[in-house]
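Text of the file final.txt, holding compact mmCIF, C-alpha atoms:
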```
# COMPACT_ATOMS: atom_id res chain seq x y z
CA MET A 1 61.67 -39.33 -15.44
CA PRO A 2 63.95 -38.70 -12.46
CA ASP A 3 61.47 -39.47 -9.73
CA PRO A 4 58.69 -41.96 -10.46
CA THR A 5 56.61 -40.79 -7.52
CA SER A 6 56.29 -37.34 -9.04
CA ALA A 7 54.82 -38.68 -12.29
CA VAL A 8 51.23 -38.19 -11.17
CA SER A 9 49.76 -35.06 -9.64
CA PRO A 10 52.51 -33.12 -7.90
CA ALA A 11 49.79 -32.33 -5.39
CA PRO A 12 49.35 -28.68 -4.52
CA PRO A 13 49.99 -27.72 -0.89
CA GLU A 14 47.18 -29.39 0.99
CA ARG A 15 45.93 -26.37 2.86
CA GLY A 16 43.46 -24.10 1.16
CA PRO A 17 42.23 -24.13 -2.41
CA ARG A 18 44.59 -24.94 -5.27
CA PRO A 19 46.13 -22.33 -7.55
CA THR A 20 43.90 -21.38 -10.48
CA ALA A 21 46.22 -22.55 -13.27
CA THR A 22 46.65 -26.10 -11.99
CA GLY A 23 44.78 -29.35 -12.57
CA PRO A 24 41.42 -28.76 -14.31
CA GLY A 25 42.38 -25.09 -14.53
CA ARG A 26 44.92 -26.03 -17.18
CA VAL A 27 42.14 -27.37 -19.40
CA LEU A 28 40.20 -24.15 -18.83
CA VAL A 29 43.24 -22.11 -19.92
CA ALA A 30 43.61 -24.33 -23.01
CA VAL A 31 39.98 -23.79 -24.06
CA TYR A 32 40.32 -20.05 -23.42
CA ALA A 33 43.44 -20.04 -25.62
CA VAL A 34 41.49 -21.70 -28.44
CA PHE A 35 38.86 -18.96 -28.23
CA ALA A 36 41.51 -16.26 -28.03
CA LEU A 37 42.91 -17.67 -31.28
CA ALA A 38 39.47 -17.97 -32.90
CA ALA A 39 38.28 -14.50 -31.89
CA THR A 40 41.59 -12.84 -32.82
CA SER A 41 41.70 -14.46 -36.27
CA ARG A 42 38.07 -13.64 -36.89
CA ALA A 43 38.52 -10.00 -35.90
CA ALA A 44 41.75 -9.66 -37.88
CA VAL A 45 40.15 -11.07 -41.02
CA GLN A 46 37.00 -8.94 -40.65
CA ILE A 47 38.85 -5.69 -40.01
CA ALA A 48 41.45 -6.34 -42.70
CA THR A 49 38.98 -7.29 -45.44
CA ASP A 50 35.79 -5.25 -45.15
CA TYR A 51 35.81 -3.11 -42.03
CA TYR A 52 33.32 -0.56 -43.35
CA ARG A 53 30.59 -3.10 -44.00
CA ALA A 54 29.90 -3.62 -40.29
CA PRO A 55 32.24 -1.56 -38.13
CA LEU A 56 30.26 -2.11 -34.91
CA ALA A 57 30.20 -5.89 -35.25
CA TYR A 58 33.88 -5.95 -36.22
CA LEU A 59 34.93 -3.74 -33.33
CA LEU A 60 32.98 -6.06 -31.04
CA SER A 61 34.88 -8.98 -32.55
CA ALA A 62 38.14 -7.22 -31.77
CA PHE A 63 36.92 -6.40 -28.26
CA SER A 64 35.95 -10.03 -27.61
CA ALA A 65 39.37 -11.10 -28.90
CA VAL A 66 41.09 -8.80 -26.40
CA VAL A 67 38.88 -10.10 -23.58
CA TYR A 68 39.75 -13.72 -24.43
CA ILE A 69 43.47 -12.96 -24.62
CA VAL A 70 43.42 -11.12 -21.26
CA ALA A 71 41.36 -13.91 -19.68
CA THR A 72 43.71 -16.61 -21.01
CA VAL A 73 46.84 -14.90 -19.71
CA ALA A 74 45.25 -13.95 -16.37
CA LEU A 75 43.88 -17.46 -15.76
CA ALA A 76 47.30 -18.92 -16.58
CA SER A 77 49.11 -16.58 -14.19
CA ARG A 78 49.51 -16.65 -10.44
CA GLY A 79 48.97 -13.93 -7.90
CA SER A 80 46.10 -11.83 -6.61
CA ARG A 81 46.39 -9.27 -9.39
CA ALA A 82 46.10 -11.89 -12.13
CA ARG A 83 43.12 -13.26 -10.24
CA ARG A 84 41.35 -9.91 -10.16
CA VAL A 85 42.04 -9.38 -13.87
CA ALA A 86 40.70 -12.87 -14.61
CA PHE A 87 37.52 -12.17 -12.61
CA LEU A 88 37.04 -8.93 -14.51
CA ALA A 89 37.73 -10.51 -17.91
CA CYS A 90 35.35 -13.43 -17.29
CA SER A 91 32.64 -11.05 -16.02
CA VAL A 92 33.01 -8.77 -19.05
CA GLU A 93 32.91 -11.85 -21.25
CA LEU A 94 29.70 -13.11 -19.63
CA VAL A 95 28.03 -9.69 -19.94
CA GLY A 96 29.31 -9.43 -23.52
CA VAL A 97 27.97 -12.78 -24.66
CA LEU A 98 24.59 -12.11 -23.00
CA VAL A 99 24.22 -8.57 -24.40
CA VAL A 100 25.58 -9.30 -27.88
CA GLY A 101 23.67 -12.58 -28.01
CA THR A 102 20.39 -10.87 -27.09
CA VAL A 103 20.88 -7.89 -29.41
CA SER A 104 21.93 -10.14 -32.31
CA LEU A 105 18.60 -11.97 -31.95
CA LEU A 106 16.38 -8.93 -31.33
CA ALA A 107 18.01 -6.56 -33.82
CA PRO A 108 19.87 -8.73 -36.36
CA GLN A 109 20.16 -5.75 -38.73
CA ASP A 110 22.66 -4.21 -36.29
CA PHE A 111 24.80 -7.33 -36.51
CA PRO A 112 25.00 -8.13 -40.21
CA ARG A 113 28.30 -9.92 -39.60
CA ALA A 114 28.80 -12.49 -36.92
CA THR A 115 30.99 -12.14 -33.87
CA VAL A 116 32.03 -14.97 -31.57
CA TRP A 117 29.24 -13.83 -29.23
CA SER A 118 26.41 -13.62 -31.81
CA GLY A 119 23.45 -15.85 -30.95
CA TYR A 120 25.05 -16.53 -27.56
CA GLY A 121 27.97 -18.20 -29.34
CA SER A 122 25.75 -20.61 -31.30
CA GLY A 123 28.37 -20.69 -34.06
CA TYR A 124 30.80 -22.20 -31.57
CA GLY A 125 28.53 -24.74 -29.90
CA PHE A 126 27.52 -22.21 -27.22
CA VAL A 127 30.93 -22.66 -25.62
CA PRO A 128 31.33 -18.83 -25.42
CA LEU A 129 28.22 -18.76 -23.17
CA VAL A 130 29.32 -21.58 -20.88
CA LEU A 131 33.01 -20.69 -20.70
CA PRO A 132 32.77 -17.50 -18.58
CA MET A 133 30.42 -19.27 -16.14
CA ILE A 134 32.92 -22.09 -15.69
CA GLY A 135 35.73 -19.53 -15.47
CA LEU A 136 34.04 -17.55 -12.69
CA TRP A 137 33.08 -20.73 -10.84
CA TRP A 138 36.65 -22.04 -11.08
CA LEU A 139 38.09 -18.72 -9.89
CA ARG A 140 35.85 -18.90 -6.81
CA ARG A 141 37.10 -22.40 -6.05
CA THR A 142 40.80 -21.60 -6.42
CA ARG A 143 43.24 -19.08 -5.09
CA MET B 1 43.18 -29.44 -49.61
CA HIS B 2 44.88 -32.77 -50.25
CA THR B 3 42.54 -35.58 -49.30
CA GLY B 4 45.30 -37.90 -48.10
CA LEU B 5 46.88 -35.21 -45.94
CA VAL B 6 43.52 -34.18 -44.52
CA ALA B 7 42.77 -37.79 -43.59
CA ALA B 8 46.20 -38.13 -41.97
CA VAL B 9 45.84 -34.89 -39.98
CA VAL B 10 42.34 -35.74 -38.75
CA THR B 11 43.31 -39.31 -37.88
CA ALA B 12 46.50 -38.36 -36.03
CA SER B 13 44.94 -35.46 -34.14
CA LEU B 14 41.89 -37.48 -33.07
CA LEU B 15 44.12 -40.42 -32.07
CA ALA B 16 46.20 -38.02 -29.97
CA ALA B 17 43.00 -36.64 -28.43
CA ALA B 18 41.67 -40.13 -27.66
CA SER B 19 45.02 -41.18 -26.23
CA GLY B 20 45.09 -38.09 -24.01
CA LEU B 21 41.58 -38.82 -22.77
CA VAL B 22 42.46 -42.46 -22.04
CA ALA B 23 45.43 -41.27 -19.97
CA ALA B 24 43.15 -38.83 -18.13
CA VAL B 25 40.57 -41.52 -17.39
CA ARG B 26 43.34 -43.76 -16.04
CA ASN B 27 44.50 -40.83 -13.87
CA ARG B 28 47.92 -40.73 -15.48
CA PRO B 29 49.81 -37.91 -17.16
CA PRO B 30 49.95 -38.26 -20.96
CA GLY B 31 52.66 -40.77 -21.82
CA LEU B 32 55.11 -41.04 -24.66
CA ILE B 33 52.50 -42.47 -27.05
CA THR B 34 50.10 -39.56 -26.52
CA LEU B 35 52.84 -36.96 -26.90
CA ALA B 36 54.30 -38.73 -29.95
CA LEU B 37 50.87 -38.86 -31.61
CA ALA B 38 50.36 -35.18 -30.87
CA ALA B 39 53.80 -34.37 -32.29
CA VAL B 40 53.09 -36.39 -35.45
CA ALA B 41 49.75 -34.60 -35.81
CA ALA B 42 51.53 -31.25 -35.34
CA VAL B 43 54.03 -32.04 -38.12
CA LEU B 44 51.27 -33.29 -40.44
CA THR B 45 49.32 -30.10 -39.75
CA LEU B 46 52.34 -28.05 -40.76
CA ILE B 47 52.71 -30.06 -44.00
CA GLN B 48 48.98 -29.65 -44.68
CA SER B 49 49.20 -25.87 -44.30
CA ALA B 50 52.32 -25.71 -46.47
CA ALA B 51 50.64 -27.77 -49.21
CA ALA B 52 47.53 -25.57 -49.06
CA ALA B 53 49.71 -22.46 -49.20
CA VAL B 54 51.30 -23.81 -52.39
CA ASP B 55 47.81 -24.27 -53.85
CA LEU B 56 46.94 -20.68 -52.95
CA VAL B 57 50.12 -19.39 -54.59
CA ARG B 58 49.28 -21.41 -57.70
CA GLY B 59 45.99 -19.58 -57.95
CA HIS B 60 43.42 -21.73 -56.12
CA ARG B 61 40.86 -19.43 -54.52
CA PRO B 62 38.83 -20.81 -51.58
CA ALA B 63 35.46 -19.41 -50.50
CA GLU B 64 36.96 -16.79 -48.20
CA LEU B 65 40.63 -16.21 -48.89
CA ALA B 66 41.45 -14.19 -45.75
CA THR B 67 39.58 -16.59 -43.46
CA SER B 68 41.31 -19.55 -45.09
CA ILE B 69 44.73 -18.01 -44.57
CA GLY B 70 43.80 -17.30 -40.94
CA TYR B 71 42.89 -20.97 -40.44
CA LEU B 72 46.01 -22.22 -42.25
CA VAL B 73 48.23 -20.12 -39.98
CA GLY B 74 46.26 -20.58 -36.77
CA ILE B 75 45.98 -24.36 -37.03
CA VAL B 76 49.76 -24.93 -36.94
CA VAL B 77 50.22 -23.28 -33.52
CA VAL B 78 47.47 -25.23 -31.74
CA LEU B 79 49.20 -28.57 -31.12
CA PRO B 80 52.69 -27.21 -30.31
CA LEU B 81 51.09 -24.92 -27.70
CA ALA B 82 48.92 -27.76 -26.39
CA ILE B 83 51.97 -30.05 -26.08
CA ALA B 84 54.01 -27.37 -24.30
CA TRP B 85 51.13 -26.58 -21.93
CA ALA B 86 50.51 -30.29 -21.29
CA VAL B 87 54.16 -31.08 -20.55
CA ALA B 88 54.50 -28.14 -18.12
CA GLU B 89 52.29 -29.87 -15.55
CA ARG B 90 52.26 -33.65 -15.64
CA THR B 91 48.82 -34.57 -14.33
CA ARG B 92 45.78 -36.31 -15.76
CA TRP B 93 44.56 -32.90 -16.88
CA SER B 94 47.48 -32.61 -19.28
CA GLY B 95 45.88 -35.44 -21.26
CA VAL B 96 42.67 -33.42 -21.50
CA VAL B 97 44.72 -30.45 -22.72
CA VAL B 98 46.15 -32.62 -25.52
CA ALA B 99 42.59 -33.75 -26.29
CA VAL B 100 41.40 -30.13 -26.57
CA GLY B 101 44.25 -29.41 -28.99
CA GLY B 102 43.59 -32.53 -31.07
CA VAL B 103 39.86 -31.93 -31.39
CA THR B 104 40.48 -28.25 -32.23
CA VAL B 105 42.84 -29.23 -35.07
CA ALA B 106 40.33 -31.79 -36.40
CA VAL B 107 37.51 -29.22 -36.35
CA MET B 108 39.68 -26.54 -37.98
CA THR B 109 40.73 -29.02 -40.68
CA ALA B 110 37.08 -29.84 -41.41
CA ARG B 111 36.36 -26.12 -41.69
CA LEU B 112 39.34 -25.68 -44.03
CA VAL B 113 38.06 -28.47 -46.28
CA MET B 114 34.68 -26.69 -46.51
CA LEU B 115 36.38 -23.37 -47.29
CA PHE B 116 38.57 -24.89 -50.00
CA ARG B 117 35.60 -26.69 -51.56
CA GLY B 118 33.82 -23.37 -51.66
CA THR B 119 30.90 -24.54 -49.54
CA GLY B 120 32.00 -22.78 -46.37
CA ALA B 121 29.94 -19.83 -45.26
```
Mind converting the file's structure to structure tokens?
Amino acid sequence: MPDPTSAVSPAPPERGPRPTATGPGRVLVAVYAVFALAATSRAAVQIATDYYRAPLAYLLSAFSAVVYIVATVALASRGSRARRVAFLACSVELVGVLVVGTVSLLAPQDFPRATVWSGYGSGYGFVPLVLPMIGLWWLRRTR
Amino acid sequence: MHTGLVAAVVTASLLAAASGLVAAVRNRPPGLITLALAAVAAVLTLIQSAAAAVDLVRGHRPAELATSIGYLVGIVVVLPLAIAWAVAERTRWSGVVVAVGGVTVAVMTARLVMLFRGTGA
């Protein structure tokens, strides 16, 4: 602890919004990382064990895993390119959870095996539905 | 799953989470106690996965073998990553990061117990 005054909040430069991956943004990245881990493991297990039972659902699992990984890395990185990628990933995620959630309720026979986005993420406390909204909101508030 | 180990993992990870949240509420970065609790929980998690792996090698078959292996592997990286991510920026939010890691490990452990009892779906 070289400098006691730097122990709390090395405040970001006071002008303009803060960088995305600072402060509360770090919690957002952490939660995204948890879902990247969950979706990746789920997809890996599904594709490795019985891919042919529900290829569409399993490919969607893999797709959601990629989206979460890209979103995690992009939200944790600095720069305008990372920001654009993060916007895109969060948007795709929001569309994905809404479309897959709706289809999994209307046509459950097409989704015999669950993905992270099935039932709007009900298997994960609906966090997959809320997360992209918070992500997009946070991206708007930061630079 | 070994009941004593499970209890130790859940206790340590939830204590680390609570400690991280207390630091956040007090607007302080997570202190030595929080980080030490998280480190202890991380080591216990590793022991828990190793012990479960031994059970698997000895022939115990949980409800979904592949899923169980995924959880046993995935759970050991959560707290080390959370600690590293929390230490990289020392603000109140780092305590919340530790809390996210701790709660995740507790939830994953509960899921593992269900899988190993054969009641997991």
Can you tell me which residues surround Gly101 (chain A) at a distance of at most 7 Å, considering only C-alpha atoms, apart from same-chain residues fewer than 5 positions away, and format the answer as a PDB file with C-alpha atoms, in the coordinates of the input?
```
ATOM      1  CA  TRP A 117      29.240 -13.830 -29.230  1.00  0.00           C
ATOM      2  CA  SER A 118      26.410 -13.620 -31.810  1.00  0.00           C
ATOM      3  CA  GLY A 119      23.450 -15.850 -30.950  1.00  0.00           C
ATOM      4  CA  TYR A 120      25.050 -16.530 -27.560  1.00  0.00           C
TER       5      TYR A 120
END
```
* Distance query Val43 (chain B) at most 10 Å, all atoms listed in the file, self and fewer than 3 positions along chain excluded, as a PyMOL selection string -> chain B and resi 9+37-40+46-49+76+79-80
Please, could you write that set of residues out with C-alpha atoms as a PDB file, in the coordinates of the input?
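result_39.pdb written:
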```
ATOM      1  CA  VAL B   9      45.840 -34.890 -39.980  1.00  0.00           C
ATOM      2  CA  LEU B  37      50.870 -38.860 -31.610  1.00  0.00           C
ATOM      3  CA  ALA B  38      50.360 -35.180 -30.870  1.00  0.00           C
ATOM      4  CA  ALA B  39      53.800 -34.370 -32.290  1.00  0.00           C
ATOM      5  CA  VAL B  40      53.090 -36.390 -35.450  1.00  0.00           C
ATOM      6  CA  LEU B  46      52.340 -28.050 -40.760  1.00  0.00           C
ATOM      7  CA  ILE B  47      52.710 -30.060 -44.000  1.00  0.00           C
ATOM      8  CA  GLN B  48      48.980 -29.650 -44.680  1.00  0.00           C
ATOM      9  CA  SER B  49      49.200 -25.870 -44.300  1.00  0.00           C
ATOM     10  CA  VAL B  76      49.760 -24.930 -36.940  1.00  0.00           C
ATOM     11  CA  LEU B  79      49.200 -28.570 -31.120  1.00  0.00           C
ATOM     12  CA  PRO B  80      52.690 -27.210 -30.310  1.00  0.00           C
TER      13      PRO B  80
END
```
Fewer than 2 positions away in the same chain doesn't count, so skip those; otherwise give me all residues within 12 Å of Ala50 (chain B), counting all atoms listed in the file, as a PDB file with C-alpha atoms, keeping the file's coordinate frame.
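File out.pdb, as written:
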```pdb
ATOM      1  CA  MET B   1      43.180 -29.440 -49.610  1.00  0.00           C
ATOM      2  CA  HIS B   2      44.880 -32.770 -50.250  1.00  0.00           C
ATOM      3  CA  LEU B   5      46.880 -35.210 -45.940  1.00  0.00           C
ATOM      4  CA  VAL B  43      54.030 -32.040 -38.120  1.00  0.00           C
ATOM      5  CA  LEU B  44      51.270 -33.290 -40.440  1.00  0.00           C
ATOM      6  CA  THR B  45      49.320 -30.100 -39.750  1.00  0.00           C
ATOM      7  CA  LEU B  46      52.340 -28.050 -40.760  1.00  0.00           C
ATOM      8  CA  ILE B  47      52.710 -30.060 -44.000  1.00  0.00           C
ATOM      9  CA  GLN B  48      48.980 -29.650 -44.680  1.00  0.00           C
ATOM     10  CA  ALA B  52      47.530 -25.570 -49.060  1.00  0.00           C
ATOM     11  CA  ALA B  53      49.710 -22.460 -49.200  1.00  0.00           C
ATOM     12  CA  VAL B  54      51.300 -23.810 -52.390  1.00  0.00           C
ATOM     13  CA  ASP B  55      47.810 -24.270 -53.850  1.00  0.00           C
ATOM     14  CA  LEU B  56      46.940 -20.680 -52.950  1.00  0.00           C
ATOM     15  CA  VAL B  57      50.120 -19.390 -54.590  1.00  0.00           C
ATOM     16  CA  ILE B  69      44.730 -18.010 -44.570  1.00  0.00           C
ATOM     17  CA  LEU B  72      46.010 -22.220 -42.250  1.00  0.00           C
ATOM     18  CA  VAL B  73      48.230 -20.120 -39.980  1.00  0.00           C
ATOM     19  CA  ILE B  75      45.980 -24.360 -37.030  1.00  0.00           C
ATOM     20  CA  VAL B  76      49.760 -24.930 -36.940  1.00  0.00           C
TER      21      VAL B  76
END
```
* Asked: Residues of chain B within 7 Å of chain A, using all atoms listed in the file, as a ChimeraX atom specification?
  -> /B:28-29,66-67,70,90-91,93,96-97,100
Next, dump the selected residues to file, keeping only C-alpha atoms, as an mmCIF file, keeping the file's coordinate frame.
```cif
data_model
loop_
_atom_site.group_PDB
_atom_site.id
_atom_site.type_symbol
_atom_site.label_atom_id
_atom_site.label_comp_id
_atom_site.auth_asym_id
_atom_site.auth_seq_id
_atom_site.Cartn_x
_atom_site.Cartn_y
_atom_site.Cartn_z
ATOM 1 C CA ARG B 28 47.920 -40.730 -15.480
ATOM 2 C CA PRO B 29 49.810 -37.910 -17.160
ATOM 3 C CA ALA B 66 41.450 -14.190 -45.750
ATOM 4 C CA THR B 67 39.580 -16.590 -43.460
ATOM 5 C CA GLY B 70 43.800 -17.300 -40.940
ATOM 6 C CA ARG B 90 52.260 -33.650 -15.640
ATOM 7 C CA THR B 91 48.820 -34.570 -14.330
ATOM 8 C CA TRP B 93 44.560 -32.900 -16.880
ATOM 9 C CA VAL B 96 42.670 -33.420 -21.500
ATOM 10 C CA VAL B 97 44.720 -30.450 -22.720
ATOM 11 C CA VAL B 100 41.400 -30.130 -26.570
#
```
* So which one's closest to Ala65 (chain A), A:Pro128, A:Pro17, A:Gly79, A:Pro108? Using all atoms listed in the file, please. -> A:Pro128
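Among the candidates B:Arg92, B:Ala18, B:Val105, B:Glu64, the residue lying nearest to Val6 (chain B) is B:Val105 (atoms considered: only C-alpha atoms).
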* Asked: So what do you get for CA of Val130 (chain A) versus CA of Pro55 (chain A), distance-wise?
  -> 26.6 Å
* **Interatomic distance (Å, one decimal) between CA of Thr72 (chain A) and CA of Val107 (chain B)** =>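 Result for CA of Thr72 (chain A) versus CA of Val107 (chain B): 20.8 Å, one decimal.
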* Atomic separation - CA of Val116 (chain A) relative to CA of Tyr58 (chain A), Å ->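 That distance, rounded to one decimal, is 10.3 Å.
Between Leu88 (chain A) and the residues A:Leu106, A:Ala114, A:Val67, A:Val73, the shortest atom-to-atom distance, using all atoms listed in the file, involves A:Val67.
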* Spatial neighbours of Arg140 (chain A), max dist 12 Å, all atoms listed in the file, sep filter under 6 positions, as a VMD selection string -> chain A and resid 17 to 20 25 83 to 84 86 to 87 90 133 to 134
* Asked: Hey, which of A:Leu60, A:Ala54, A:Gly125, A:Gly16 ends up closest to Val99 (chain A)? Count only C-alpha atoms.
  -> A:Leu60
Filled-in N, CA and C atoms of region 99-122 of chain A, supplied as a tab-separated table (two decimals), keeping the file's coordinate frame:
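See result19.tsv below for the written result:
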```tsv
chain	number	residue	atom	x	y	z
A	99	VAL	N	24.73	-9.78	-23.72
A	99	VAL	CA	24.22	-8.57	-24.40
A	99	VAL	C	24.26	-8.75	-25.91
A	100	VAL	N	25.44	-9.15	-26.43
A	100	VAL	CA	25.58	-9.30	-27.88
A	100	VAL	C	24.65	-10.41	-28.38
A	101	GLY	N	24.54	-11.48	-27.62
A	101	GLY	CA	23.67	-12.58	-28.01
A	101	GLY	C	22.23	-12.12	-28.11
A	102	THR	N	21.77	-11.35	-27.11
A	102	THR	CA	20.39	-10.87	-27.09
A	102	THR	C	20.15	-9.88	-28.23
A	103	VAL	N	21.07	-8.90	-28.36
A	103	VAL	CA	20.88	-7.89	-29.41
A	103	VAL	C	20.93	-8.52	-30.79
A	104	SER	N	21.81	-9.52	-30.98
A	104	SER	CA	21.93	-10.14	-32.31
A	104	SER	C	20.65	-10.89	-32.68
A	105	LEU	N	19.88	-11.30	-31.67
A	105	LEU	CA	18.60	-11.97	-31.95
A	105	LEU	C	17.47	-10.96	-32.14
A	106	LEU	N	17.46	-9.90	-31.28
A	106	LEU	CA	16.38	-8.93	-31.33
A	106	LEU	C	16.53	-7.95	-32.48
A	107	ALA	N	17.77	-7.55	-32.77
A	107	ALA	CA	18.01	-6.56	-33.82
A	107	ALA	C	19.11	-7.05	-34.75
A	108	PRO	N	18.82	-8.13	-35.51
A	108	PRO	CA	19.87	-8.73	-36.36
A	108	PRO	C	20.44	-7.75	-37.38
A	109	GLN	N	19.65	-6.70	-37.73
A	109	GLN	CA	20.16	-5.75	-38.73
A	109	GLN	C	21.38	-4.98	-38.20
A	110	ASP	N	21.49	-4.88	-36.85
A	110	ASP	CA	22.66	-4.21	-36.29
A	110	ASP	C	23.88	-5.11	-36.28
A	111	PHE	N	23.68	-6.40	-36.52
A	111	PHE	CA	24.80	-7.33	-36.51
A	111	PHE	C	24.82	-8.14	-37.81
A	112	PRO	N	25.03	-7.43	-38.92
A	112	PRO	CA	25.00	-8.13	-40.21
A	112	PRO	C	26.13	-9.15	-40.32
A	113	ARG	N	27.20	-8.96	-39.57
A	113	ARG	CA	28.30	-9.92	-39.60
A	113	ARG	C	28.49	-10.51	-38.22
A	114	ALA	N	28.77	-11.78	-38.19
A	114	ALA	CA	28.80	-12.49	-36.92
A	114	ALA	C	30.03	-12.15	-36.10
A	115	THR	N	29.87	-12.15	-34.79
A	115	THR	CA	30.99	-12.14	-33.87
A	115	THR	C	30.96	-13.48	-33.13
A	116	VAL	N	31.98	-13.72	-32.34
A	116	VAL	CA	32.03	-14.97	-31.57
A	116	VAL	C	30.82	-15.05	-30.63
A	117	TRP	N	30.30	-13.87	-30.23
A	117	TRP	CA	29.24	-13.83	-29.23
A	117	TRP	C	27.84	-13.79	-29.85
A	118	SER	N	27.73	-13.69	-31.18
A	118	SER	CA	26.41	-13.62	-31.81
A	118	SER	C	25.62	-14.89	-31.49
A	119	GLY	N	24.31	-14.70	-31.26
A	119	GLY	CA	23.45	-15.85	-30.95
A	119	GLY	C	23.94	-16.63	-29.75
A	120	TYR	N	24.48	-15.92	-28.76
A	120	TYR	CA	25.05	-16.53	-27.56
A	120	TYR	C	26.16	-17.53	-27.88
A	121	GLY	N	26.88	-17.30	-28.97
A	121	GLY	CA	27.97	-18.20	-29.34
A	121	GLY	C	27.49	-19.47	-30.03
A	122	SER	N	26.30	-19.40	-30.67
A	122	SER	CA	25.75	-20.61	-31.30
A	122	SER	C	26.67	-21.14	-32.40
```
